[in-house]
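Undergrad: Pasting structure19.cif below, which is mmCIF, C-alpha atoms.
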data_data
#
loop_
_atom_site.label_atom_id
_atom_site.label_comp_id
_atom_site.auth_asym_id
_atom_site.auth_seq_id
_atom_site.Cartn_x
_atom_site.Cartn_y
_atom_site.Cartn_z
CA MET A 1 0.00 0.00 0.00
CA ILE A 2 2.85 2.41 0.86
CA VAL A 3 4.55 1.64 -2.49
CA GLN A 4 1.29 2.26 -4.35
CA ALA A 5 0.77 5.55 -2.46
CA GLY A 6 4.25 6.69 -3.38
CA GLU A 7 3.68 5.75 -7.01
CA TRP A 8 0.36 7.67 -7.03
CA ILE A 9 2.00 10.80 -5.58
CA THR A 10 4.75 10.64 -8.24
CA HIS A 11 2.26 10.39 -11.12
CA VAL A 12 -0.28 13.06 -10.00
CA HIS A 13 2.32 15.35 -8.38
CA SER A 14 0.12 15.70 -5.30
CA TYR A 15 1.50 15.35 -1.81
CA THR A 16 -1.81 15.28 0.04
CA ILE A 17 -1.72 12.34 2.42
CA LEU A 18 -5.53 12.07 2.64
CA GLU A 19 -5.98 11.87 -1.14
CA SER A 20 -3.22 9.30 -1.39
CA LEU A 21 -4.79 7.12 1.35
CA GLN A 22 -8.25 7.38 -0.24
CA ASN A 23 -6.83 6.13 -3.51
CA ASN A 24 -4.71 3.31 -2.06
CA VAL A 25 -6.33 2.16 1.19
CA ALA A 26 -8.60 -0.12 -0.82
CA ALA A 27 -5.54 -1.91 -2.27
CA GLY A 28 -4.15 -2.26 1.24
CA CYS A 29 -7.38 -3.85 2.41
CA TYR A 30 -6.95 -6.49 -0.33
CA TYR A 31 -3.79 -7.75 1.40
CA VAL A 32 -5.37 -7.54 4.84
CA VAL A 33 -8.40 -9.62 3.81
CA PHE A 34 -6.18 -12.08 1.89
CA ALA A 35 -3.89 -12.48 4.91
CA LEU A 36 -6.84 -13.07 7.26
CA GLY A 37 -8.32 -15.66 4.92
CA MET A 38 -5.00 -17.53 4.52
CA SER A 39 -4.41 -17.45 8.29
CA LYS A 40 -7.73 -19.30 8.77
CA LEU A 41 -6.77 -21.80 6.06
CA ARG A 42 -3.17 -22.31 7.13
CA LYS A 43 -3.83 -25.03 9.74
CA LYS A 44 -5.68 -27.19 7.20
CA MET A 45 -3.41 -26.66 4.19
CA ASN A 46 -1.56 -29.99 4.60
CA GLU A 47 -4.83 -31.91 5.04
CA LEU A 48 -6.67 -30.59 1.97
CA HIS A 49 -6.50 -32.09 -1.50
CA PRO A 50 -4.62 -29.76 -3.92
CA LEU A 51 -7.80 -29.21 -6.00
CA MET A 52 -9.81 -28.30 -2.90
CA LEU A 53 -6.99 -26.12 -1.61
CA GLY A 54 -6.84 -24.26 -4.93
CA GLY A 55 -10.59 -23.64 -4.74
CA TYR A 56 -10.34 -22.18 -1.24
CA ILE A 57 -7.45 -19.91 -2.21
CA ALA A 58 -9.29 -18.78 -5.35
CA PHE A 59 -12.33 -17.89 -3.19
CA ILE A 60 -10.14 -15.92 -0.73
CA ASP A 61 -8.48 -14.12 -3.66
CA PHE A 62 -11.90 -13.29 -5.16
CA VAL A 63 -13.27 -11.95 -1.85
CA SER A 64 -10.11 -9.87 -1.35
CA ASN A 65 -10.44 -8.36 -4.84
CA GLU A 66 -14.13 -7.59 -4.33
CA THR A 67 -13.34 -5.97 -0.99
CA GLU A 68 -10.86 -3.71 -2.79
CA LEU A 69 -13.45 -2.84 -5.47
CA LEU A 70 -16.16 -2.07 -2.91
CA LEU A 71 -13.87 0.21 -0.91
CA ARG A 72 -12.78 1.98 -4.10
CA GLY A 73 -16.47 2.64 -4.77
CA VAL A 74 -16.90 4.07 -1.27
CA PHE A 75 -13.82 6.31 -1.38
CA LEU A 76 -13.67 7.23 -5.06
CA GLY A 77 -17.30 6.84 -6.13
CA THR A 78 -16.65 4.26 -8.84
CA ASN A 79 -19.27 1.71 -9.89
CA THR A 80 -18.32 -1.73 -8.60
CA PHE A 81 -21.26 -3.80 -9.83
CA TYR A 82 -20.14 -4.86 -13.29
CA PHE A 83 -20.76 -8.56 -13.97
CA LYS A 84 -17.92 -8.74 -16.52
CA GLU A 85 -15.44 -7.39 -13.99
CA TRP A 86 -16.61 -9.82 -11.33
CA PHE A 87 -16.38 -12.71 -13.77
CA LEU A 88 -12.89 -11.61 -14.91
CA ILE A 89 -11.75 -11.29 -11.30
CA MET A 90 -13.02 -14.80 -10.55
CA VAL A 91 -11.22 -16.25 -13.59
CA ILE A 92 -7.98 -14.50 -12.65
CA ALA A 93 -8.30 -15.71 -9.05
CA VAL A 94 -8.81 -19.32 -10.17
CA VAL A 95 -5.94 -19.24 -12.67
CA ARG A 96 -3.57 -17.52 -10.25
CA SER A 97 -4.45 -19.85 -7.35
CA TYR A 98 -4.10 -23.09 -9.29
CA PHE A 99 -0.91 -21.87 -10.97
CA THR A 100 0.58 -21.18 -7.53
CA ILE A 101 -0.61 -24.54 -6.16
CA GLY A 102 0.78 -26.33 -9.22
CA LEU A 103 4.13 -24.59 -8.91
CA TYR A 104 4.28 -25.37 -5.19
CA ASN A 105 3.38 -29.04 -5.76
CA SER A 106 5.99 -29.32 -8.51
CA ILE A 107 8.65 -28.09 -6.10
CA VAL A 108 7.42 -30.48 -3.39
CA ILE A 109 7.36 -33.44 -5.79
CA SER A 110 10.87 -32.59 -6.97
CA GLN A 111 12.07 -32.53 -3.35
CA MET A 112 10.31 -35.83 -2.63
CA ARG A 113 11.95 -37.45 -5.64
CA PHE A 114 15.34 -36.23 -4.49
CA LEU A 115 14.72 -37.57 -0.97
CA HIS A 116 13.48 -40.88 -2.40
CA ALA A 117 16.62 -41.19 -4.52
CA GLU A 118 18.78 -40.47 -1.47
CA GLN A 119 16.87 -42.98 0.66
CA GLU A 120 17.14 -45.63 -2.06
CA LYS A 121 20.88 -44.99 -2.33
CA ARG A 122 21.29 -45.36 1.43
CA MET A 123 19.14 -48.50 1.39
CA GLU A 124 21.30 -49.96 -1.37
CA GLN A 125 24.47 -49.17 0.58
CA MET A 126 22.99 -50.71 3.74
CA LEU A 127 21.94 -53.86 1.90
CA ASN A 128 25.38 -54.21 0.32
CA ILE A 129 27.02 -53.84 3.73
CA ASN A 130 24.62 -56.34 5.32
CA SER A 131 25.15 -58.75 2.45
CA GLY A 132 28.92 -58.54 2.90
CA LEU A 133 28.64 -58.94 6.67
CA TYR A 134 26.35 -61.93 6.24
CA GLY A 135 28.89 -63.59 3.95
CA GLU A 136 31.71 -62.93 6.41
CA ALA A 137 29.61 -64.18 9.34
CA PHE A 138 28.82 -67.33 7.38
CA TYR A 139 32.54 -67.77 6.66
CA LEU A 140 33.40 -67.31 10.32
CA LYS A 141 30.71 -69.67 11.56
CA LYS A 142 31.94 -72.37 9.19
CA ALA A 143 35.54 -71.72 10.23
CA MET A 144 34.55 -72.10 13.89
CA ASP A 145 33.10 -75.52 13.17
CA THR A 146 36.43 -76.45 11.61
CA ILE A 147 38.33 -75.02 14.61
CA GLU A 148 36.08 -77.02 16.95
CA GLY A 149 37.01 -80.22 15.12
CA ILE A 150 40.74 -79.37 15.14
CA THR A 151 40.60 -78.64 18.88
CA ALA A 152 38.94 -81.98 19.59
CA ASP A 153 41.49 -83.83 17.43
CA SER A 154 44.36 -82.04 19.19
CA TYR A 155 43.13 -83.10 22.64
CA ASP A 156 42.69 -86.69 21.39
CA LEU A 157 46.26 -86.64 20.09
CA TYR A 158 47.45 -85.21 23.42
CA ARG A 159 45.82 -88.06 25.35
CA LYS A 160 47.27 -90.72 23.04
CA LEU A 161 50.76 -89.26 23.24
CA ASN A 162 50.40 -89.14 27.03
CA GLU A 163 49.38 -92.78 27.13
CA ASP A 164 52.45 -93.65 25.03
CA ASN A 165 54.67 -91.78 27.53
CA LEU A 166 55.70 -89.23 24.91
CA LYS A 167 55.54 -86.37 27.41
CA GLY A 168 57.48 -83.88 25.29
CA TYR A 169 55.24 -84.29 22.26
CA SER A 170 52.09 -84.45 24.37
CA GLN A 171 52.85 -81.12 26.08
CA ARG A 172 53.53 -79.45 22.76
CA THR A 173 50.27 -80.86 21.42
CA LEU A 174 48.43 -79.58 24.50
CA GLY A 175 49.93 -76.10 23.92
CA ILE A 176 48.75 -76.16 20.30
CA ALA A 177 45.26 -77.23 21.42
CA GLN A 178 45.13 -74.38 23.93
CA GLN A 179 46.19 -71.85 21.29
CA ILE A 180 43.54 -73.15 18.94
CA HIS A 181 41.00 -72.83 21.76
CA GLU A 182 41.98 -69.16 22.22
CA VAL A 183 41.49 -68.57 18.50
CA LYS A 184 38.06 -70.16 18.81
CA LYS A 185 37.10 -67.83 21.71
CA ASP A 186 38.22 -64.78 19.75
CA SER A 187 36.24 -65.98 16.75
CA GLN A 188 33.18 -66.47 18.94
CA ARG A 189 33.39 -62.89 20.18
CA ILE A 190 33.71 -61.57 16.61
CA LEU A 191 30.82 -63.74 15.43
CA ALA A 192 28.63 -62.58 18.32
CA GLY A 193 29.33 -58.95 17.35
CA LEU A 194 28.44 -59.63 13.71
CA LEU A 195 25.24 -61.47 14.59
CA LYS A 196 24.08 -58.54 16.74
CA LEU A 197 23.97 -56.46 13.56
CA PHE A 198 21.31 -58.79 12.19
CA ASP A 199 19.31 -59.31 15.38
CA SER A 200 16.25 -57.08 15.68
CA GLU A 201 12.97 -57.22 17.58
CA VAL A 202 11.25 -55.72 14.54
CA VAL A 203 10.84 -58.21 11.71
CA VAL A 204 11.57 -56.54 8.36
CA HIS A 205 10.10 -57.93 5.15
CA MET A 206 11.30 -57.33 1.62
CA SER A 207 9.75 -58.60 -1.58
CA LEU A 208 11.61 -60.59 -4.22
CA SER A 209 10.96 -57.77 -6.70
CA GLU A 210 12.75 -55.31 -4.41
CA ILE A 211 15.67 -57.71 -4.00
CA MET A 212 15.95 -58.13 -7.78
CA HIS A 213 15.79 -54.35 -8.21
CA PHE A 214 18.81 -53.83 -5.94
CA VAL A 215 20.71 -56.75 -7.54
CA VAL A 216 20.19 -55.39 -11.07
CA LYS A 217 20.95 -51.79 -10.14
CA GLY A 218 24.05 -52.62 -8.09
CA ASN A 219 25.58 -54.91 -10.71
CA GLN A 220 24.72 -52.53 -13.54
CA GLU A 221 26.84 -49.93 -11.76
CA TYR A 222 29.52 -52.58 -11.14
CA SER A 223 29.68 -53.41 -14.87
CA GLU A 224 29.99 -49.70 -15.71
CA MET A 225 32.80 -49.38 -13.18
CA LEU A 226 34.58 -52.23 -15.01
CA LYS A 227 33.94 -50.34 -18.29
CA LYS A 228 31.80 -53.13 -19.70
CA LYS A 229 28.62 -52.77 -21.72
CA ILE A 230 26.32 -55.34 -20.13
CA ILE A 231 22.53 -55.43 -20.22
CA ILE A 232 21.07 -56.92 -17.03
CA ASP A 233 17.38 -57.71 -16.93
CA ASN A 234 15.10 -59.84 -14.79
CA GLU A 235 11.94 -61.80 -15.41
CA LEU A 236 9.89 -62.06 -12.23
CA ALA A 237 7.09 -64.60 -12.58
CA PHE A 238 6.74 -65.01 -8.81
CA ASN A 239 6.85 -62.45 -6.03
CA GLN A 240 6.86 -63.08 -2.29
CA ASN A 241 7.75 -61.13 0.84
CA THR A 242 10.50 -62.64 2.97
CA THR A 243 12.51 -61.79 6.07
CA HIS A 244 15.55 -63.63 4.61
CA TYR A 245 16.38 -60.85 2.16
CA VAL A 246 20.02 -60.53 3.29
CA PRO A 247 21.06 -64.16 2.52
CA LEU A 248 18.99 -64.07 -0.67
CA LEU A 249 20.71 -60.88 -1.73
CA THR A 250 24.07 -62.47 -0.87
CA ILE A 251 23.34 -65.50 -3.07
CA ILE A 252 21.91 -63.77 -6.13
CA ASN A 253 24.22 -60.76 -5.96
CA ASN A 254 27.32 -62.96 -5.96
CA LEU A 255 26.08 -65.06 -8.88
CA VAL A 256 25.32 -61.94 -10.93
CA ALA A 257 28.64 -60.29 -9.95
CA ASN A 258 30.45 -63.46 -11.11
CA ALA A 259 28.54 -63.24 -14.39
CA VAL A 260 29.59 -59.59 -14.82
CA GLU A 261 33.22 -60.58 -14.30
CA ALA A 262 32.91 -63.53 -16.71
CA ILE A 263 31.78 -61.29 -19.59
CA GLU A 264 34.76 -59.70 -21.33
CA GLU A 265 33.38 -56.48 -22.86
CA ASN A 266 29.80 -56.77 -24.11
CA GLY A 267 27.06 -59.16 -23.12
CA THR A 268 23.80 -59.82 -21.36
CA ILE A 269 22.73 -61.25 -18.01
CA HIS A 270 19.22 -62.57 -17.59
CA ILE A 271 17.70 -63.35 -14.18
CA ARG A 272 14.54 -65.44 -13.90
CA VAL A 273 12.45 -66.09 -10.79
CA PHE A 274 9.51 -68.49 -10.78
CA GLU A 275 7.75 -71.02 -8.57
CA LYS A 276 7.61 -74.72 -9.42
CA GLU A 277 6.43 -77.61 -7.25
CA GLU A 278 6.57 -75.58 -4.01
CA ASP A 279 10.13 -74.44 -4.76
CA VAL A 280 11.30 -71.01 -5.86
CA HIS A 281 13.79 -71.13 -8.72
CA PHE A 282 16.38 -68.41 -9.33
CA ILE A 283 18.18 -68.71 -12.67
CA VAL A 284 21.13 -66.48 -13.55
CA GLN A 285 22.22 -66.83 -17.17
CA ASP A 286 25.06 -64.89 -18.79
CA SER A 287 26.51 -64.69 -22.29
CA GLY A 288 30.13 -65.05 -21.17
CA LYS A 289 32.71 -67.54 -22.32
CA GLY A 290 31.20 -70.33 -20.19
CA ILE A 291 32.73 -72.94 -17.90
CA PRO A 292 34.39 -76.06 -19.38
CA ASP A 293 32.64 -79.31 -18.49
CA HIS A 294 35.69 -80.68 -16.66
CA LYS A 295 35.68 -77.66 -14.31
CA LYS A 296 31.98 -77.66 -13.45
CA ALA A 297 32.57 -80.26 -10.76
CA LEU A 298 35.32 -78.13 -9.19
CA ILE A 299 33.81 -74.64 -9.01
CA PHE A 300 31.93 -75.38 -5.77
CA GLU A 301 35.04 -76.75 -4.05
CA PRO A 302 36.47 -74.61 -1.20
CA GLY A 303 39.34 -72.42 -2.35
CA TYR A 304 38.59 -72.77 -6.06
CA THR A 305 38.81 -69.50 -7.97
CA THR A 306 39.59 -68.23 -11.44
CA LYS A 307 40.10 -64.62 -10.31
CA TYR A 308 43.62 -63.36 -9.81
CA ASN A 309 44.96 -59.84 -9.71
CA GLU A 310 48.03 -58.53 -11.54
CA GLU A 311 50.31 -59.92 -8.81
CA GLY A 312 48.75 -63.37 -9.15
CA ILE A 313 46.95 -63.18 -5.80
CA ALA A 314 43.59 -64.93 -5.68
CA ALA A 315 40.41 -62.96 -4.97
CA THR A 316 39.19 -62.91 -1.37
CA GLY A 317 35.46 -62.44 -2.02
CA ILE A 318 32.82 -64.98 -1.05
CA GLY A 319 33.30 -68.06 -3.24
CA LEU A 320 30.80 -70.38 -4.87
CA SER A 321 31.46 -72.96 -2.16
CA HIS A 322 30.02 -70.58 0.43
CA VAL A 323 27.15 -69.61 -1.88
CA ARG A 324 26.39 -73.32 -2.07
CA ASP A 325 26.58 -73.64 1.73
CA ILE A 326 24.14 -70.73 2.21
CA VAL A 327 21.77 -72.35 -0.28
CA HIS A 328 22.06 -75.69 1.55
CA SER A 329 21.34 -73.95 4.87
CA PHE A 330 17.88 -73.18 3.46
CA GLY A 331 17.41 -76.77 2.33
CA GLY A 332 17.92 -75.85 -1.31
CA SER A 333 20.27 -76.77 -4.12
CA ILE A 334 22.46 -75.03 -6.68
CA ALA A 335 23.67 -76.34 -10.03
CA VAL A 336 25.59 -74.99 -13.01
CA THR A 337 24.65 -75.85 -16.59
CA SER A 338 25.25 -74.64 -20.12
CA PRO A 339 22.20 -72.88 -21.58
CA GLU A 340 20.61 -74.50 -24.60
CA LYS A 341 21.30 -72.83 -27.97
CA ALA A 342 23.41 -70.13 -26.34
CA SER A 343 26.90 -69.53 -25.03
CA GLY A 344 27.69 -68.68 -21.45
CA THR A 345 26.81 -70.15 -18.09
CA GLN A 346 23.57 -70.77 -16.26
CA PHE A 347 23.27 -71.14 -12.49
CA VAL A 348 20.07 -72.64 -11.14
CA VAL A 349 19.24 -72.08 -7.47
CA ARG A 350 16.28 -73.91 -5.96
CA LEU A 351 14.95 -72.87 -2.55
CA PRO A 352 11.91 -74.35 -0.77
CA LEU A 353 9.14 -71.76 -0.54
CA THR A 354 8.54 -72.70 3.11
CA SER A 355 12.11 -71.67 4.01
CA LEU A 356 11.63 -68.25 2.42
CA ILE A 357 8.33 -67.40 4.10
CA LYS A 358 9.48 -68.71 7.47
CA GLU A 359 10.06 -65.84 9.90
CA GLY A 360 13.74 -65.06 10.37
#
Let's see the structure in the file written out as structure tokens.
TA:
Amino acid sequence: MIVQAGEWITHVHSYTILESLQNNVAAGCYYVVFALGMSKLRKKMNELHPLMLGGYIAFIDFVSNETELLLRGVFLGTNTFYFKEWFLIMVIAVVRSYFTIGLYNSIVISQMRFLHAEQEKRMEQMLNINSGLYGEAFYLKKAMDTIEGITADSYDLYRKLNEDNLKGYSQRTLGIAQQIHEVKKDSQRILAGLLKLFDSEVVVHMSLSEIMHFVVKGNQEYSEMLKKKIIIDNELAFNQNTTHYVPLLTIINNLVANAVEAIEENGTIHIRVFEKEEDVHFIVQDSGKGIPDHKKALIFEPGYTTKYNEEGIAATGIGLSHVRDIVHSFGGSIAVTSPEKASGTQFVVRLPLTSLIKEG
């Protein structure tokens, strides 16, 4: 209102305060009425549908404009009852209100998309970490079983050497057994710490479609990092929520990552999920160079790998033997075959449906 009064004084070259207020107080009342109306609406803005909200704001804008026109008629003697003007004011109010609401919603939607992308990125990072921890915990648990057996054998050897009066050897064997036992206790503490990361009173479910989404997205980025042009797609004929998403992600993610590494420059990876005879089948097929028949019986053996760095050091990631052990822990099976009428390798994982829907 003050700006308008100053503008009016500049144009008419009159410095009479009363005349200036008479000409501009009506415009000031527009903002007062609009502010009062919006203050009443403010508490309900987040609850109203955008179309309803736009209608309310258009009505407040129309009433504010009509208040300005009526006051101009009182102060300046102008005629305010023209239907065309009222209709034009209503149209302008509707257009202006819905344009503002649309612009505001566009900004909000853009922010929500950004937040969703950030949350999905954090979820992907968390799942990758959990998948890696699960693999390491599985390694450690299996190693502890081996340590338990070695400890028992060491004590048996100690007793036999003692019975044969080989005191020197028996004491050395006892020392070895005690050291192995200390290693076992340290491993137990580490395993307990890892398992706490998975323990939760709140049971979290994730669908197979979500798991496949993260597998495809993560390995697509992995192939780009390796500067390979690989198309990864999935065919989901069966979907089911499960609490065992971490071991499932560990299994499928490792098979797909192996497929990415097996393809030299260009290729495709196809993932299929379907149900058959109360089992869920996961098939990972790639167009790589394939695995020779004489090596198919060896790839699930502990320590077997075909991945070496430039120094000739073998890879330390989770191997197919541990993937097989995780599959077996669910009562399932894993096999490798050559796809019909195509090059490459095909891994077939079969898991009982009951083991997937069982609460973790």
Undergrad: What's the 6 Å shell around range 203-220 of chain A, counting only C-alpha atoms, without same-chain residues fewer than 2 positions away, as a CSV table (one decimal) with C-alpha atoms, keeping the file's coordinate frame?
TA:
chain,number,residue,atom,x,y,z
A,222,TYR,CA,29.5,-52.6,-11.1
A,223,SER,CA,29.7,-53.4,-14.9
A,239,ASN,CA,6.8,-62.4,-6.0
A,240,GLN,CA,6.9,-63.1,-2.3
A,241,ASN,CA,7.8,-61.1,0.8
A,242,THR,CA,10.5,-62.6,3.0
A,243,THR,CA,12.5,-61.8,6.1
A,253,ASN,CA,24.2,-60.8,-6.0
Undergrad: Would you kindly identify which residues have an atom no farther than 10 Å from (-8.3, -26.2, -1.9), using only C-alpha atoms and the file's own coordinates, and write them out as a list in words?
TA: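 Here is the list of nearby residues: Leu41, Lys44, Met45, Glu47, Leu48, His49, Pro50, Leu51, Met52, Leu53, Gly54, Gly55, Tyr56, Ile57, Ala58, Phe59, Ser97, Tyr98 and Ile101 of chain A.
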Undergrad: Identify which of the residues A:Gly28, A:Ile150, A:Ala237, A:Arg96 lies closest to Leu71 in chain A, counting all atoms listed in the file when measuring atom-to-atom distances.
TA: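 Of A:Gly28, A:Ile150, A:Ala237, A:Arg96, the one nearest Leu71 in chain A, counting all atoms listed in the file, is A:Gly28.
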Undergrad: For the point (24.2, -66.6, -25.6) in the file's frame, write as an NGL selection string all residues with an atom no more than 12 Å away, counting all atoms listed in the file.
TA: :A and (263 or 266-270 or 285-290 or 338-346)
Undergrad: Using only C-alpha atoms, which residues sit within 9 Å of Leu255 in chain A once same-chain residues fewer than 6 positions away are excluded, as a list in words?
TA: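 Residues meeting the cut-off are Val284, Leu320, Val323 and Phe347 of chain A.
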Undergrad: Tell me, as an MDAnalysis selection string, which residues lie within 12 Å of Thr146 in chain A, counting only C-alpha atoms; anything in the same chain fewer than 5 positions away does not count.
TA: chainID A and resid 139:141 151:153 180:181 183:184 187
Undergrad: Output C-alpha atoms for every residue in that selection, as a PDB file, in the coordinates of the input.
TA:
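The resulting again.pdb:
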ATOM      1  CA  TYR A 139      32.540 -67.770   6.660  1.00  0.00           C
ATOM      2  CA  LEU A 140      33.400 -67.310  10.320  1.00  0.00           C
ATOM      3  CA  LYS A 141      30.710 -69.670  11.560  1.00  0.00           C
ATOM      4  CA  THR A 151      40.600 -78.640  18.880  1.00  0.00           C
ATOM      5  CA  ALA A 152      38.940 -81.980  19.590  1.00  0.00           C
ATOM      6  CA  ASP A 153      41.490 -83.830  17.430  1.00  0.00           C
ATOM      7  CA  ILE A 180      43.540 -73.150  18.940  1.00  0.00           C
ATOM      8  CA  HIS A 181      41.000 -72.830  21.760  1.00  0.00           C
ATOM      9  CA  VAL A 183      41.490 -68.570  18.500  1.00  0.00           C
ATOM     10  CA  LYS A 184      38.060 -70.160  18.810  1.00  0.00           C
ATOM     11  CA  SER A 187      36.240 -65.980  16.750  1.00  0.00           C
TER      12      SER A 187
END
Undergrad: In Å, with one decimal, what is the gap from CA of Val32 in chain A to CA of Leu69 in chain A?
TA: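 The value is 13.9 Å.
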